[in-house]
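S.K.: Structure file upload_19.txt (compact mmCIF, C-alpha atoms and all ligand atoms) right here:
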# COMPACT_ATOMS: atom_id res chain seq x y z
CA MET A 1 -141.77 61.30 46.68
CA PHE A 2 -143.74 58.25 47.76
CA VAL A 3 -147.11 59.06 46.22
CA SER A 4 -148.32 57.50 42.97
CA ASP A 5 -149.45 59.66 40.06
CA LYS A 6 -152.86 57.98 40.32
CA VAL A 7 -153.33 59.25 43.86
CA LYS A 8 -151.77 62.64 43.14
CA ASN A 9 -154.15 63.17 40.25
CA LEU A 10 -157.32 62.35 42.20
CA PRO A 11 -159.69 65.34 42.15
CA ALA A 12 -159.95 67.33 45.36
CA TYR A 13 -162.73 65.92 47.51
CA VAL A 14 -165.25 68.79 47.79
CA PHE A 15 -166.81 67.18 50.88
CA SER A 16 -163.60 67.42 52.89
CA GLU A 17 -163.09 71.09 51.91
CA PHE A 18 -166.53 71.92 53.27
CA GLN A 19 -165.89 69.91 56.43
CA GLN A 20 -162.81 72.13 57.00
CA LYS A 21 -164.88 75.31 56.60
CA LYS A 22 -167.47 73.87 59.00
CA LYS A 23 -164.78 73.30 61.63
CA GLU A 24 -163.56 76.88 61.26
CA LEU A 25 -167.07 78.25 61.76
CA GLU A 26 -167.72 75.99 64.74
CA ALA A 27 -164.48 77.20 66.30
CA LYS A 28 -165.97 80.71 66.07
CA GLY A 29 -169.06 79.51 67.93
CA VAL A 30 -171.45 79.10 64.96
CA ASN A 31 -174.01 76.33 65.39
CA VAL A 32 -173.61 74.71 61.95
CA ILE A 33 -176.45 72.50 60.69
CA ASP A 34 -174.91 69.86 58.47
CA LEU A 35 -177.13 68.85 55.55
CA GLY A 36 -174.10 67.91 53.52
CA ILE A 37 -173.36 64.37 54.59
CA GLY A 38 -175.10 61.54 52.76
CA ALA A 39 -175.32 59.14 55.69
CA PRO A 40 -178.39 58.21 57.77
CA ASP A 41 -178.68 59.83 61.20
CA LEU A 42 -181.21 57.26 62.43
CA PRO A 43 -180.07 54.34 64.61
CA THR A 44 -179.56 50.78 63.35
CA PRO A 45 -182.75 48.84 64.18
CA ASP A 46 -182.60 47.18 67.58
CA PHE A 47 -183.13 43.60 66.30
CA LEU A 48 -179.98 43.90 64.16
CA TYR A 49 -177.90 45.30 66.96
CA ARG A 50 -179.08 42.41 69.19
CA LYS A 51 -178.35 39.85 66.46
CA LEU A 52 -174.82 41.21 66.11
CA MET A 53 -174.24 41.03 69.88
CA GLU A 54 -175.54 37.47 69.97
CA GLU A 55 -173.45 36.27 67.01
CA ALA A 56 -170.34 38.08 68.24
CA LYS A 57 -170.28 35.71 71.25
CA TYR A 58 -169.54 32.61 69.16
CA PRO A 59 -165.89 31.75 68.45
CA HIS A 60 -166.80 30.22 65.05
CA ASN A 61 -167.91 33.65 63.87
CA HIS A 62 -164.44 35.04 64.54
CA LYS A 63 -162.78 32.88 61.90
CA TYR A 64 -162.19 34.01 58.33
CA SER A 65 -165.29 34.12 56.20
CA THR A 66 -165.17 32.37 52.85
CA TYR A 67 -163.84 34.85 50.27
CA SER A 68 -167.17 35.38 48.53
CA GLY A 69 -169.04 35.81 51.81
CA SER A 70 -171.01 33.29 53.85
CA LEU A 71 -173.48 31.18 51.89
CA GLU A 72 -176.12 32.11 54.47
CA PHE A 73 -175.83 35.81 53.58
CA ARG A 74 -175.78 35.13 49.84
CA GLU A 75 -178.89 32.96 50.18
CA ALA A 76 -180.58 35.77 52.10
CA VAL A 77 -179.77 38.14 49.22
CA ALA A 78 -181.17 35.66 46.68
CA ASN A 79 -184.36 35.26 48.73
CA PHE A 80 -184.67 39.02 49.02
CA TYR A 81 -184.44 39.38 45.22
CA GLN A 82 -187.08 36.72 44.75
CA ARG A 83 -189.47 38.44 47.13
CA GLN A 84 -188.75 42.02 46.19
CA TYR A 85 -188.31 41.74 42.39
CA ASN A 86 -189.39 38.21 41.45
CA VAL A 87 -185.83 37.65 40.18
CA SER A 88 -184.14 34.26 40.75
CA LEU A 89 -180.44 34.23 41.64
CA GLU A 90 -178.01 31.36 42.21
CA PRO A 91 -176.46 32.25 45.58
CA GLU A 92 -173.10 30.66 44.78
CA LYS A 93 -172.57 32.09 41.32
CA GLU A 94 -174.69 35.19 41.05
CA VAL A 95 -174.25 36.79 44.48
CA LEU A 96 -171.07 38.18 46.06
CA THR A 97 -170.74 39.77 49.51
CA LEU A 98 -169.11 43.21 49.56
CA ILE A 99 -167.54 45.31 52.29
CA GLY A 100 -169.93 48.07 51.30
CA THR A 101 -170.99 49.07 47.80
CA LYS A 102 -168.27 51.71 47.51
CA GLU A 103 -165.61 49.00 47.82
CA GLY A 104 -167.46 46.88 45.29
CA ILE A 105 -167.75 49.67 42.72
CA ALA A 106 -164.07 50.63 42.96
CA ASN A 107 -162.96 47.00 42.72
CA LEU A 108 -165.42 46.16 39.93
CA LEU A 109 -163.59 48.64 37.72
CA GLN A 110 -160.26 46.96 38.48
CA ALA A 111 -161.81 43.59 37.65
CA VAL A 112 -163.55 44.55 34.41
CA ILE A 113 -161.68 47.28 32.55
CA ASN A 114 -158.20 47.52 31.04
CA PRO A 115 -156.16 50.75 31.01
CA GLY A 116 -157.60 53.06 28.36
CA ASP A 117 -161.05 51.43 28.34
CA LYS A 118 -164.02 53.77 28.30
CA VAL A 119 -166.75 53.77 30.94
CA LEU A 120 -170.06 55.62 30.66
CA VAL A 121 -170.84 57.52 33.85
CA PRO A 122 -173.86 59.69 34.70
CA ASP A 123 -173.33 63.45 35.07
CA PRO A 124 -174.34 64.46 37.67
CA GLY A 125 -173.54 61.23 39.52
CA TYR A 126 -172.04 59.60 42.59
CA PRO A 127 -168.33 60.62 42.49
CA VAL A 128 -166.97 57.11 43.16
CA TYR A 129 -167.80 55.99 39.59
CA ARG A 130 -165.49 58.61 38.09
CA THR A 131 -162.68 58.25 40.61
CA GLY A 132 -162.91 54.45 40.37
CA VAL A 133 -162.48 54.67 36.60
CA HIS A 134 -159.48 56.97 37.10
CA LEU A 135 -157.87 54.56 39.60
CA ALA A 136 -158.33 51.68 37.16
CA GLY A 137 -156.62 53.68 34.39
CA GLY A 138 -159.80 54.00 32.34
CA GLU A 139 -161.48 56.96 30.76
CA SER A 140 -164.87 58.28 31.96
CA ILE A 141 -167.31 59.32 29.27
CA SER A 142 -170.18 61.35 30.73
CA PHE A 143 -173.70 60.77 29.65
CA PRO A 144 -175.73 63.83 30.55
CA LEU A 145 -178.77 63.75 32.80
CA ASP A 146 -181.30 66.56 32.60
CA GLU A 147 -184.18 67.69 34.75
CA LYS A 148 -186.31 68.24 31.63
CA ASN A 149 -186.68 64.54 30.97
CA GLY A 150 -186.58 63.30 34.54
CA TYR A 151 -182.83 62.57 34.55
CA VAL A 152 -183.12 59.39 32.48
CA PRO A 153 -179.92 58.57 30.55
CA MET A 154 -179.57 60.53 27.30
CA PHE A 155 -177.60 57.92 25.39
CA GLU A 156 -178.32 59.79 22.16
CA LYS A 157 -175.86 62.43 23.43
CA VAL A 158 -173.04 59.83 23.60
CA LYS A 159 -170.88 59.73 20.46
CA ILE A 160 -171.25 56.47 18.55
CA ALA A 161 -167.45 56.05 18.60
CA ASP A 162 -167.48 56.28 22.43
CA ALA A 163 -170.39 53.85 22.70
CA LYS A 164 -168.52 51.36 20.52
CA GLN A 165 -165.45 51.60 22.73
CA ALA A 166 -167.27 51.64 26.07
CA LYS A 167 -166.94 48.52 28.19
CA LEU A 168 -169.14 49.40 31.15
CA MET A 169 -171.85 51.89 32.16
CA PHE A 170 -173.15 52.99 35.55
CA LEU A 171 -176.81 53.62 36.33
CA ASN A 172 -178.17 54.82 39.68
CA TYR A 173 -181.92 55.03 40.40
CA PRO A 174 -183.21 56.16 42.91
CA SER A 175 -180.42 58.58 42.21
CA ASN A 176 -177.89 60.34 44.36
CA PRO A 177 -177.72 63.34 43.92
CA THR A 178 -180.67 64.08 41.59
CA THR A 179 -183.22 62.00 43.62
CA ALA A 180 -184.68 60.84 40.27
CA THR A 181 -186.63 57.59 40.19
CA ILE A 182 -187.57 55.56 37.12
CA GLU A 183 -189.90 52.86 35.92
CA LEU A 184 -188.66 49.54 34.57
CA ASN A 185 -188.80 50.63 30.91
CA THR A 186 -185.86 53.01 31.52
CA PHE A 187 -183.76 50.02 32.57
CA GLY A 188 -185.16 48.18 29.53
CA LYS A 189 -183.85 50.90 27.19
CA ALA A 190 -180.47 50.93 28.92
CA VAL A 191 -180.12 47.15 28.56
CA SER A 192 -181.05 47.35 24.84
CA TYR A 193 -178.40 50.04 24.35
CA ALA A 194 -175.86 47.93 26.28
CA LYS A 195 -176.69 44.93 24.10
CA LYS A 196 -176.33 46.95 20.90
CA TYR A 197 -172.81 48.10 21.80
CA SER A 198 -171.73 45.15 24.04
CA ILE A 199 -171.44 47.21 27.21
CA ALA A 200 -171.66 45.76 30.71
CA VAL A 201 -174.19 47.48 32.99
CA ALA A 202 -173.59 48.26 36.66
CA SER A 203 -176.80 49.36 38.40
CA ASP A 204 -176.24 51.01 41.78
CA LEU A 205 -179.36 50.37 43.85
CA ALA A 206 -178.07 51.82 47.13
CA TYR A 207 -181.49 53.43 47.78
CA ASP A 208 -183.55 50.38 46.80
CA LEU A 209 -185.82 50.57 49.84
CA VAL A 210 -185.66 54.29 50.67
CA THR A 211 -188.83 55.21 48.81
CA PHE A 212 -192.09 57.10 49.45
CA ASP A 213 -195.75 57.20 48.50
CA GLY A 214 -195.91 53.52 47.55
CA TYR A 215 -193.21 53.85 44.88
CA HIS A 216 -191.36 50.55 44.32
CA ALA A 217 -187.87 50.96 42.83
CA PRO A 218 -187.25 48.39 40.07
CA SER A 219 -184.17 46.17 39.67
CA VAL A 220 -182.34 46.13 36.32
CA LEU A 221 -182.46 42.33 36.58
CA GLU A 222 -186.24 42.43 36.08
CA VAL A 223 -185.50 43.24 32.42
CA PRO A 224 -185.63 39.96 30.45
CA GLY A 225 -182.12 38.89 29.43
CA ALA A 226 -180.47 41.55 31.64
CA LYS A 227 -178.22 38.97 33.33
CA ASP A 228 -176.27 38.66 30.06
CA TYR A 229 -174.98 42.20 30.63
CA ALA A 230 -175.85 43.51 34.05
CA VAL A 231 -174.80 43.42 37.66
CA GLU A 232 -176.52 45.31 40.44
CA PHE A 233 -175.16 46.67 43.71
CA GLY A 234 -177.14 46.62 46.94
CA SER A 235 -176.25 48.10 50.29
CA LEU A 236 -177.52 47.84 53.85
CA SER A 237 -176.08 51.26 54.71
CA LYS A 238 -179.09 53.35 53.80
CA SER A 239 -182.06 51.01 54.21
CA PHE A 240 -181.00 49.61 57.60
CA ASN A 241 -178.80 52.49 58.86
CA MET A 242 -175.77 50.19 58.83
CA ALA A 243 -173.35 52.58 57.07
CA GLY A 244 -170.50 51.91 59.49
CA TRP A 245 -170.98 48.14 59.46
CA ARG A 246 -169.70 47.98 55.85
CA ILE A 247 -171.86 45.36 54.23
CA GLY A 248 -173.38 45.16 50.77
CA TYR A 249 -173.59 42.82 47.80
CA VAL A 250 -173.44 42.59 44.03
CA VAL A 251 -175.71 40.28 42.04
CA GLY A 252 -176.24 39.29 38.41
CA ASN A 253 -173.92 38.37 35.54
CA GLN A 254 -171.83 35.32 36.51
CA GLU A 255 -168.76 36.23 34.47
CA ILE A 256 -168.50 39.70 36.06
CA ILE A 257 -169.22 38.34 39.55
CA ARG A 258 -166.52 35.69 39.10
CA ALA A 259 -163.98 38.28 37.91
CA LEU A 260 -164.72 40.53 40.88
CA ALA A 261 -164.60 37.59 43.31
CA THR A 262 -161.19 36.54 41.93
CA LEU A 263 -159.81 40.07 42.26
CA LYS A 264 -161.19 40.50 45.78
CA SER A 265 -159.87 37.12 46.97
CA ASN A 266 -156.42 38.68 46.49
CA ILE A 267 -157.31 41.83 48.42
CA ASP A 268 -159.70 41.03 51.29
CA THR A 269 -161.35 38.10 53.04
CA SER A 270 -164.92 39.38 53.12
CA GLN A 271 -166.72 40.82 56.16
CA PHE A 272 -166.93 39.73 59.83
CA LEU A 273 -169.28 36.73 59.95
CA ALA A 274 -171.38 38.18 62.78
CA ILE A 275 -172.08 41.22 60.57
CA GLN A 276 -172.99 38.99 57.62
CA LYS A 277 -175.43 37.11 59.91
CA ALA A 278 -177.08 40.30 61.13
CA ALA A 279 -177.27 41.56 57.53
CA ALA A 280 -178.94 38.30 56.48
CA ALA A 281 -181.50 38.84 59.25
CA ALA A 282 -182.11 42.36 57.96
CA LEU A 283 -182.85 41.20 54.41
CA GLN A 284 -185.08 38.41 55.69
CA SER A 285 -187.05 40.71 57.98
CA ASP A 286 -190.54 42.01 57.23
CA LEU A 287 -188.93 45.39 56.36
CA SER A 288 -191.13 47.16 58.92
CA THR A 289 -188.12 49.11 60.25
CA VAL A 290 -187.47 50.33 56.71
CA ALA A 291 -191.07 51.54 56.44
CA GLU A 292 -190.70 53.33 59.78
CA ASN A 293 -187.50 55.08 58.62
CA ASN A 294 -189.17 56.10 55.39
CA ARG A 295 -192.04 57.69 57.32
CA ILE A 296 -189.49 59.77 59.23
CA TYR A 297 -187.67 60.84 56.04
CA GLN A 298 -190.97 61.66 54.38
CA LYS A 299 -192.04 63.98 57.20
CA ARG A 300 -188.74 65.84 56.93
CA LEU A 301 -188.97 65.92 53.15
CA GLU A 302 -192.47 67.39 53.11
CA LYS A 303 -191.57 70.03 55.65
CA LEU A 304 -188.44 71.27 53.87
CA HIS A 305 -189.82 70.81 50.35
CA ALA A 306 -192.81 73.05 51.11
CA ALA A 307 -190.66 75.70 52.81
CA LEU A 308 -188.04 75.82 50.02
CA ASN A 309 -190.62 76.29 47.31
CA GLN A 310 -192.29 78.98 49.38
CA ILE A 311 -188.97 80.80 49.78
CA GLY A 312 -188.39 80.56 46.03
CA ILE A 313 -185.85 77.73 45.89
CA ALA A 314 -187.41 75.39 43.32
CA THR A 315 -187.27 71.75 44.34
CA ASP A 316 -188.92 68.59 43.04
CA LYS A 317 -190.53 66.25 45.52
CA PRO A 318 -188.64 62.95 45.37
CA LYS A 319 -190.10 59.45 45.49
CA GLY A 320 -186.81 58.03 46.73
CA THR A 321 -183.49 58.73 48.53
CA PHE A 322 -183.16 61.03 51.54
CA PHE A 323 -182.06 64.10 49.60
CA LEU A 324 -183.59 67.17 48.05
CA TRP A 325 -181.99 68.39 44.80
CA ALA A 326 -182.69 72.11 44.73
CA LYS A 327 -182.13 74.82 42.11
CA VAL A 328 -179.93 77.68 43.28
CA PRO A 329 -181.46 81.16 42.94
CA ASP A 330 -180.60 83.21 39.83
CA GLY A 331 -177.24 84.91 39.90
CA PHE A 332 -175.41 82.29 41.96
CA THR A 333 -173.20 79.37 41.01
CA SER A 334 -173.68 76.19 43.06
CA MET A 335 -170.44 76.83 44.89
CA GLU A 336 -171.28 80.48 45.62
CA PHE A 337 -174.71 79.58 46.95
CA ALA A 338 -173.41 76.72 49.10
CA ASN A 339 -170.77 79.07 50.50
CA GLN A 340 -173.33 81.76 51.20
CA LEU A 341 -175.59 79.31 53.03
CA LEU A 342 -172.67 78.21 55.16
CA GLN A 343 -171.21 81.66 55.88
CA GLU A 344 -174.47 83.57 56.40
CA ALA A 345 -176.79 80.95 57.82
CA GLY A 346 -174.52 78.22 59.14
CA ILE A 347 -176.25 75.70 56.88
CA MET A 348 -174.03 73.20 55.13
CA VAL A 349 -175.19 71.65 51.84
CA THR A 350 -173.29 70.08 48.95
CA PRO A 351 -172.79 72.12 45.75
CA GLY A 352 -174.13 70.24 42.72
CA THR A 353 -170.77 70.53 40.98
CA ALA A 354 -169.35 68.00 43.47
CA PHE A 355 -171.23 65.44 41.34
CA GLY A 356 -170.09 66.64 37.90
CA GLN A 357 -170.29 69.67 35.60
CA ARG A 358 -173.99 69.24 35.02
CA GLY A 359 -174.62 69.61 38.74
CA GLU A 360 -174.02 73.35 38.19
CA GLY A 361 -177.09 75.34 39.24
CA TYR A 362 -178.10 72.89 41.98
CA ILE A 363 -177.36 72.00 45.59
CA ARG A 364 -177.94 68.68 47.33
CA ILE A 365 -179.60 68.82 50.73
CA ALA A 366 -179.49 65.72 52.92
CA LEU A 367 -182.55 65.11 55.10
CA THR A 368 -180.44 63.56 57.81
CA VAL A 369 -181.32 65.81 60.74
CA THR A 370 -184.43 65.96 62.94
CA VAL A 371 -187.58 67.92 62.04
CA GLU A 372 -186.68 70.36 64.85
CA ARG A 373 -183.31 71.07 63.20
CA LEU A 374 -185.06 71.49 59.83
CA GLU A 375 -187.40 74.05 61.42
CA GLU A 376 -184.29 75.95 62.48
CA VAL A 377 -182.97 75.64 58.90
CA ILE A 378 -186.22 77.12 57.59
CA ARG A 379 -186.11 79.94 60.14
CA ARG A 380 -182.54 80.83 59.10
CA LEU A 381 -183.36 80.61 55.37
CA LYS A 382 -186.27 83.01 55.77
CA LEU A 383 -183.86 85.62 57.19
CA MET A 384 -181.67 85.44 54.09
CA LYS A 385 -182.00 87.50 50.94
CA PHE A 386 -181.16 85.81 47.68
CA GLU A 387 -180.51 88.76 45.37
C1 LIG B 401 -174.13 55.78 49.94
C2 LIG B 401 -173.97 55.34 48.52
C3 LIG B 401 -173.21 54.21 48.19
C4 LIG B 401 -172.27 53.55 49.18
O1 LIG B 401 -172.83 52.71 50.04
P1 LIG B 401 -171.96 51.75 50.94
O2 LIG B 401 -172.60 50.43 50.76
O3 LIG B 401 -172.05 52.29 52.32
O4 LIG B 401 -170.54 51.74 50.43
C5 LIG B 401 -173.20 53.77 46.89
N1 LIG B 401 -173.86 54.44 45.93
C6 LIG B 401 -174.57 55.54 46.18
C7 LIG B 401 -175.28 56.24 45.08
C8 LIG B 401 -174.64 56.03 47.49
O5 LIG B 401 -175.31 57.17 47.74
Kindly transcribe the structure held in the file into structure tokens.
M.R.:
Amino acid sequence: MFVSDKVKNLPAYVFSEFQQKKKELEAKGVNVIDLGIGAPDLPTPDFLYRKLMEEAKYPHNHKYSTYSGSLEFREAVANFYQRQYNVSLEPEKEVLTLIGTKEGIANLLQAVINPGDKVLVPDPGYPVYRTGVHLAGGESISFPLDEKNGYVPMFEKVKIADAKQAKLMFLNYPSNPTTATIELNTFGKAVSYAKKYSIAVASDLAYDLVTFDGYHAPSVLEVPGAKDYAVEFGSLSKSFNMAGWRIGYVVGNQEIIRALATLKSNIDTSQFLAIQKAAAAALQSDLSTVAENNRIYQKRLEKLHAALNQIGIATDKPKGTFFLWAKVPDGFTSMEFANQLLQEAGIMVTPGTAFGQRGEGYIRIALTVTVERLEEVIRRLKLMKFE
């Protein structure tokens, strides 16, 4: 009686269904290993925790932040972009503090699109793009991603009529769930396409620093002229294990940033100042804690990657994110295989279809448990038969 159609019509959240099944198994005494959740298991670096404790003591940090976030944090973001990408940003006009990227993405859609507007979203892709479009009354148009060409956008598969009507597109590299990484020319092509059809670009760079083997993830803003069309989201959740702190940012096109800032000033009053100060310290750090985390993820990745391929579950070796995107064995759907792993081996993964139709045939495995737990995963997998 009291629920809006918008909320009623939200798709069922696959993650919560699996969490329910996990609880049922645990109640029966099964030791479930959860490789389903996309959140870091590692602790927030000590210097950030100490900075938060220090700043939390001061009464001035307990006042409202300015709506767009403290200038100190926005300057730290601008400095980070200069150092990391050689991109200059005006802290006051081209940087906005967010209460996490997820909040920013959902609100961006409210700020940019009108009911009925079309938005290009990757399939498979992070589910918030699609649900955010739904909540804003827009229409999602999938652009397919395929393993065969490294999951770069296949804009040629988008109908010209849809491209002409599209107002915004989402890009996400390093990608959740496919783990695909790109070089700058892929962003270059996307910006050219956006320019041709007057489409705004939203690049989700949540895994900007979670990379391996010397790979450096590019920013869309490195493409000359990109600021005319593009904004980019950054998060401290993954790179600094600050998922629960809820802090991120969006940078780039002034008109889009202003629209989002105006919308948000009617909804929230930015993040706790002590958190913004700690986050500024994180971005200004030498990133050695990030390198240390990446070494830990890489060890896990190499261990599980080798074992899966040996067992016959084909998996690419990613250069970014803390996931493996694995092919399910012949004869299974994603959902069937994920269910079998859970029921027979007590291993929880996410079926690829949670990320869109084209996720069929894959599962996403999060590397967010210790090497010892992964050894147990491998032991259990070796006992299974996949025919
Ligand atoms: C985790 C994740 C986010 C959300 O990050 P927050 O800043 O914690 O909201 C955004 N995009 C992708 C692709 C993610 O995996």
S.K.: Enclose ligand LIG 401 (chain B), meaning all of its atoms listed in the file, in a box aligned along x, y and z, pad it by 3 Å on each side, and list the centre and edge lengths in Å to one decimal, as JSON.
M.R.:
{"center_x": -172.9, "center_y": 53.8, "center_z": 48.7, "size_x": 10.8, "size_y": 12.7, "size_z": 13.2}
S.K.: Any idea what's packed within 10 Å of Glu103 of chain A, counting only C-alpha atoms, ignoring anything in its chain fewer than 6 positions away? Could you give it as a PyMOL selection string?
M.R.: chain A and resi 128+132+246-248+264
S.K.: Which residue gives the smallest distance to Val95 of chain A among A:Asn149, A:Thr66, A:Ser140, A:Gln254, with all atoms listed in the file counted?
M.R.: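 Ranked by minimum distance to Val95 of chain A, first place goes to A:Gln254.
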S.K.: List all protein, DNA and RNA residues that have an atom no more than 9 Å from any atom of ligand LIG 401 (chain B), counting all atoms listed in the file, and report them as a ChimeraX atom specification.
M.R.: /A:38-39,98-105,125-129,172-177,204-207,233-238,242-249,321
S.K.: Counting all atoms listed in the file, which residues have an atom no more than 12 Å from (-190.8, 70.3, 41.9) in the file's coordinates? Please list them as a PyMOL selection string.
M.R.: chain A and resi 147-148+150+178-180+302+305-306+308-310+312-319+324-327
S.K.: Find the residue from A:Val290, A:Ile378, A:Ile199, A:Leu341 that sits nearest to Phe212 of chain A; use only C-alpha atoms when measuring.
M.R.: A:Val290
S.K.: A:Val112, A:Val210, A:Leu260, A:Val231: which is nearest Thr289 of chain A, counting all atoms listed in the file?
M.R.: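 Among the listed residues, the smallest separation from Thr289 of chain A belongs to A:Val210.
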S.K.: Report, in Å with one decimal, the straight-line distance from atom CA of Lys21 of chain A to atom CA of Asp34 of chain A.
M.R.: 11.6 Å
S.K.: As a ChimeraX atom specification, please: the residues near Leu10 of chain A (cut-off 9 Å, all atoms listed in the file, same-chain neighbours under 4 positions excluded).
M.R.: /A:5-6,131,134-135
S.K.: What gap, in Å, lies between atom CA of Thr368 of chain A and atom CA of Phe322 of chain A?
M.R.: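 Atom CA of Phe322 of chain A lies 7.3 Å from atom CA of Thr368 of chain A.
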S.K.: What's the separation between atom CA of Asn253 of chain A and atom CA of Glu75 of chain A, in Å to one decimal place?
M.R.: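 Distance reported for this atom pair: 16.4 Å.
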S.K.: Pick from A:Pro351, A:Gly361, A:Pro144, A:Gly225: nearest to Leu35 of chain A, with all atoms listed in the file counted?
M.R.: A:Pro351
S.K.: Using all atoms listed in the file and a cutoff of 9 Å, can you tell me which residues are near (-181.9, 43.3, 55.5) in the file's coordinates, and write them out as a ChimeraX atom specification?
M.R.: /A:48,76-77,80,236,239-240,278-287
S.K.: Could you give me, as a ChimeraX atom specification, the residues within 9 Å of Phe15 of chain A, counting all atoms listed in the file and dropping anything in the same chain fewer than 2 positions from it?
M.R.: /A:12-13,17-20,36-37,350,354
S.K.: Give the answer as one residue: which of A:Arg373, A:Lys164, A:Lys93, A:Arg300 has the shortest atom-to-atom distance to Gly252 of chain A, using only C-alpha atoms?
M.R.: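 Of all the options, A:Lys93 lies closest to Gly252 of chain A.
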S.K.: For Ile113 of chain A, please output as a CSV table (one decimal) with C-alpha atoms, in the coordinates of the input all residues within 8 Å (counting all atoms listed in the file; exclusion window: fewer than 5 positions along the same chain).
M.R.:
chain,number,residue,atom,x,y,z
A,136,ALA,CA,-158.3,51.7,37.2
A,138,GLY,CA,-159.8,54.0,32.3
A,167,LYS,CA,-166.9,48.5,28.2
A,168,LEU,CA,-169.1,49.4,31.2
S.K.: Compile a residue-level contact table for segment 247-346 of chain A against segment 27-31 of chain A at a cut-off of 10 Å, reporting for every qualifying residue the shortest atom pair and its distance in Å to one decimal, with all atoms listed in the file counted, rows ordered by chain and ascending number, as a Markdown table.
M.R.:
| residue | atom | partner | partner_atom | distance |
| --- | --- | --- | --- | --- |
| A:Leu342 | CA | A:Val30 | CA | 9.9 |
| A:Gln343 | CA | A:Val30 | CA | 9.4 |
| A:Ala345 | CA | A:Val30 | CA | 9.1 |
| A:Gly346 | CA | A:Asn31 | CA | 6.5 |
S.K.: May I ask which of the residues A:Gly331, A:Gln340, A:His60, A:Lys299 is the closest one to Leu374 of chain A, counting only C-alpha atoms?
M.R.: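 For Leu374 of chain A, the nearest of the given residues is A:Lys299.
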S.K.: Please complete segment 235-246 of chain A with N, CA, C and O atoms and give it back as an mmCIF file, in the coordinates of the input.
M.R.:
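What follows is the written file part.cif:
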data_model
loop_
_atom_site.group_PDB
_atom_site.id
_atom_site.type_symbol
_atom_site.label_atom_id
_atom_site.label_comp_id
_atom_site.auth_asym_id
_atom_site.auth_seq_id
_atom_site.Cartn_x
_atom_site.Cartn_y
_atom_site.Cartn_z
ATOM 1 N N SER A 235 -176.949 47.687 49.084
ATOM 2 C CA SER A 235 -176.250 48.100 50.290
ATOM 3 C C SER A 235 -177.210 48.054 51.474
ATOM 4 O O SER A 235 -178.403 48.298 51.319
ATOM 5 N N LEU A 236 -176.685 47.752 52.653
ATOM 6 C CA LEU A 236 -177.520 47.840 53.850
ATOM 7 C C LEU A 236 -177.336 49.174 54.563
ATOM 8 O O LEU A 236 -178.006 49.459 55.548
ATOM 9 N N SER A 237 -176.426 49.998 54.038
ATOM 10 C CA SER A 237 -176.080 51.260 54.710
ATOM 11 C C SER A 237 -177.258 52.190 54.866
ATOM 12 O O SER A 237 -177.470 52.776 55.917
ATOM 13 N N LYS A 238 -178.037 52.352 53.803
ATOM 14 C CA LYS A 238 -179.090 53.350 53.800
ATOM 15 C C LYS A 238 -180.408 52.773 54.311
ATOM 16 O O LYS A 238 -181.093 53.391 55.100
ATOM 17 N N SER A 239 -180.751 51.567 53.858
ATOM 18 C CA SER A 239 -182.060 51.010 54.210
ATOM 19 C C SER A 239 -182.124 50.534 55.667
ATOM 20 O O SER A 239 -183.196 50.543 56.271
ATOM 21 N N PHE A 240 -180.985 50.100 56.213
ATOM 22 C CA PHE A 240 -181.000 49.610 57.600
ATOM 23 C C PHE A 240 -180.072 50.437 58.505
ATOM 24 O O PHE A 240 -179.720 49.978 59.599
ATOM 25 N N ASN A 241 -179.670 51.614 58.052
ATOM 26 C CA ASN A 241 -178.800 52.490 58.860
ATOM 27 C C ASN A 241 -177.570 51.739 59.367
ATOM 28 O O ASN A 241 -177.206 51.826 60.534
ATOM 29 N N MET A 242 -176.941 50.997 58.467
ATOM 30 C CA MET A 242 -175.770 50.190 58.830
ATOM 31 C C MET A 242 -174.511 50.704 58.126
ATOM 32 O O MET A 242 -173.613 49.919 57.826
ATOM 33 N N ALA A 243 -174.450 52.023 57.880
ATOM 34 C CA ALA A 243 -173.350 52.580 57.070
ATOM 35 C C ALA A 243 -171.969 52.181 57.611
ATOM 36 O O ALA A 243 -171.078 51.844 56.844
ATOM 37 N N GLY A 244 -171.813 52.217 58.928
ATOM 38 C CA GLY A 244 -170.500 51.910 59.490
ATOM 39 C C GLY A 244 -170.196 50.426 59.573
ATOM 40 O O GLY A 244 -169.052 50.035 59.837
ATOM 41 N N TRP A 245 -171.185 49.587 59.356
ATOM 42 C CA TRP A 245 -170.980 48.140 59.460
ATOM 43 C C TRP A 245 -170.229 47.608 58.240
ATOM 44 O O TRP A 245 -169.639 46.561 58.290
ATOM 45 N N ARG A 246 -170.334 48.317 57.119
ATOM 46 C CA ARG A 246 -169.700 47.980 55.850
ATOM 47 C C ARG A 246 -170.143 46.620 55.315
ATOM 48 O O ARG A 246 -169.394 45.637 55.359
#
